[in-house]
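Just below is one structure, and these are the notes that go with it.
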Amino acid sequence: MKNRKTITLKIVYGVVAVVLLVVLAVCTFPNRQEGLVRSGFSVVVLGDSLTGQCRDETSVAQQLGMMLGKSVYNGAFGGTCLAIQENAQNNYTTDLLNMVSLSNAIVADDFGVQQTVRSKREVTDYFGYVIDELEGIDFEQVEILVLAFGINDYHAGIPMDNEKDPFDETTYGGALRSVLTSMQEAYPNLRIVLATPTYAWYVSKGLTCEEYDTGAVYLEEYVAKEISIAEEFDVEVVDLYHDVYAHEEWEDWKIYTEDGLHPNESSRKLLAEKIAEVIAE
């Protein structure tokens, strides 16, 4: 009987201790939002590795800022999609940094789930500080949002659209409609500019994006869908697929890219110039 009473008391004390720790934590640590130092940028670029892999002064975002004479933040994450991948549950990085999830975080002003993302790969070791900095941006002050997605949706074979649900976020078209709707409603004065993926060569396969079958449709069809939805939502679009890289010859990939996909230094300038042209109009 005595032992049972002792055990009961230990359980009670344990519960009380846990409650006290929780109360102490709530009282001691201020809300993360209250502790944020808000920063203002005129332009924010969100996208994948086509704009995010290079992050120095030769990057698309940095050169765009110099051309426009505006402060530009590069919030692009390599390897990410516009849409939610149904088969990406085990890849939390892909799941939490697609544009649907990012737009939800921006609108809610809550990057709590994104803060759990910490990449161990060297090529994406910038993820952590970019998430921190995105969380600190005051999107009420942002004038222009550039969305540059699509190449990874193509690689992942993301379905183009759902006829029964035009806002199905696991489809490319549905995700784009959902993102544009939420951002336009939350920030009615925000100017949104879409930038299509560029033409691509898959060097190791000996195929171009006009030949490489990823299981859904070819890259140009994602581009066409993006242009169509841009018209539907009355937002501007920069057609980087058709208007930047010449691709008459296989060897053209060496002129424009580092590996058939990612732009080299001269092409990063070309992409920035093309985006700047549309913004400056």
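As shown in the structure tokens, the chain order sets the letters A, B, ...; within each chain, residues go from 1, and ligands are also counted from 1 in the order they appear.
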Please identify all polymer residues within 12 Å of Leu96 (chain A), counting only C-alpha atoms, omitting same-chain residues fewer than 5 positions from it, and present them as a PyMOL selection string. chain A and resi 77+79-85+88-91+101-105+111-118+127+131
Keeping only C-alpha atoms, write those residues as a PDB file, in the first residue's frame.
ATOM      1  CA  PHE A  77      15.559  26.883 -52.903  1.00  0.00           C
ATOM      2  CA  GLY A  79      15.251  21.160 -55.904  1.00  0.00           C
ATOM      3  CA  THR A  80      11.835  22.530 -55.025  1.00  0.00           C
ATOM      4  CA  CYS A  81       8.569  22.414 -56.943  1.00  0.00           C
ATOM      5  CA  LEU A  82       5.701  24.815 -57.335  1.00  0.00           C
ATOM      6  CA  ALA A  83       3.181  22.063 -56.513  1.00  0.00           C
ATOM      7  CA  ILE A  84       2.848  19.638 -53.625  1.00  0.00           C
ATOM      8  CA  GLN A  85       4.270  16.234 -54.477  1.00  0.00           C
ATOM      9  CA  ALA A  88       7.172  13.404 -51.262  1.00  0.00           C
ATOM     10  CA  GLN A  89       5.982  12.616 -47.733  1.00  0.00           C
ATOM     11  CA  ASN A  90       9.371  11.184 -46.850  1.00  0.00           C
ATOM     12  CA  ASN A  91      11.227  14.188 -48.248  1.00  0.00           C
ATOM     13  CA  SER A 101       3.817  25.764 -48.610  1.00  0.00           C
ATOM     14  CA  LEU A 102       5.882  28.949 -48.836  1.00  0.00           C
ATOM     15  CA  SER A 103       2.876  31.043 -49.859  1.00  0.00           C
ATOM     16  CA  ASN A 104       0.924  29.606 -46.919  1.00  0.00           C
ATOM     17  CA  ALA A 105       3.781  30.558 -44.587  1.00  0.00           C
ATOM     18  CA  PHE A 111       7.458  29.884 -40.925  1.00  0.00           C
ATOM     19  CA  GLY A 112       7.367  27.490 -37.968  1.00  0.00           C
ATOM     20  CA  VAL A 113       7.239  24.312 -40.048  1.00  0.00           C
ATOM     21  CA  GLN A 114       9.862  25.628 -42.474  1.00  0.00           C
ATOM     22  CA  GLN A 115      12.151  26.244 -39.509  1.00  0.00           C
ATOM     23  CA  THR A 116      12.365  22.465 -39.048  1.00  0.00           C
ATOM     24  CA  VAL A 117      14.127  22.164 -42.418  1.00  0.00           C
ATOM     25  CA  ARG A 118      17.868  21.828 -42.141  1.00  0.00           C
ATOM     26  CA  PHE A 127      18.419  26.603 -46.744  1.00  0.00           C
ATOM     27  CA  ILE A 131      14.330  30.475 -44.220  1.00  0.00           C
TER      28      ILE A 131
END
Q) Hey, what does DSSP flag as alpha helix (DSSP H) within region 42-184 of chain A? Can you give it to me as a VMD selection string? A) chain A and resid 49 to 52 60 to 68 92 to 97 99 to 108 127 to 136 151 to 156 172 to 184
Sorted by chain and rising residue number, list the residues of region 116-149 of chain A at most 12 Å from region 255-279 of chain A (counting only C-alpha atoms), each with its closest atom pair and distance in Å to one decimal, as CSV.
residue,atom,partner,partner_atom,distance
A:Glu143,CA,A:Ile279,CA,10.8
A:Ile144,CA,A:Ile279,CA,8.5
A:Leu145,CA,A:Ile279,CA,10.4
A:Val146,CA,A:Ile275,CA,8.7
A:Leu147,CA,A:Ile275,CA,10.8
A:Ala148,CA,A:Ile275,CA,10.3
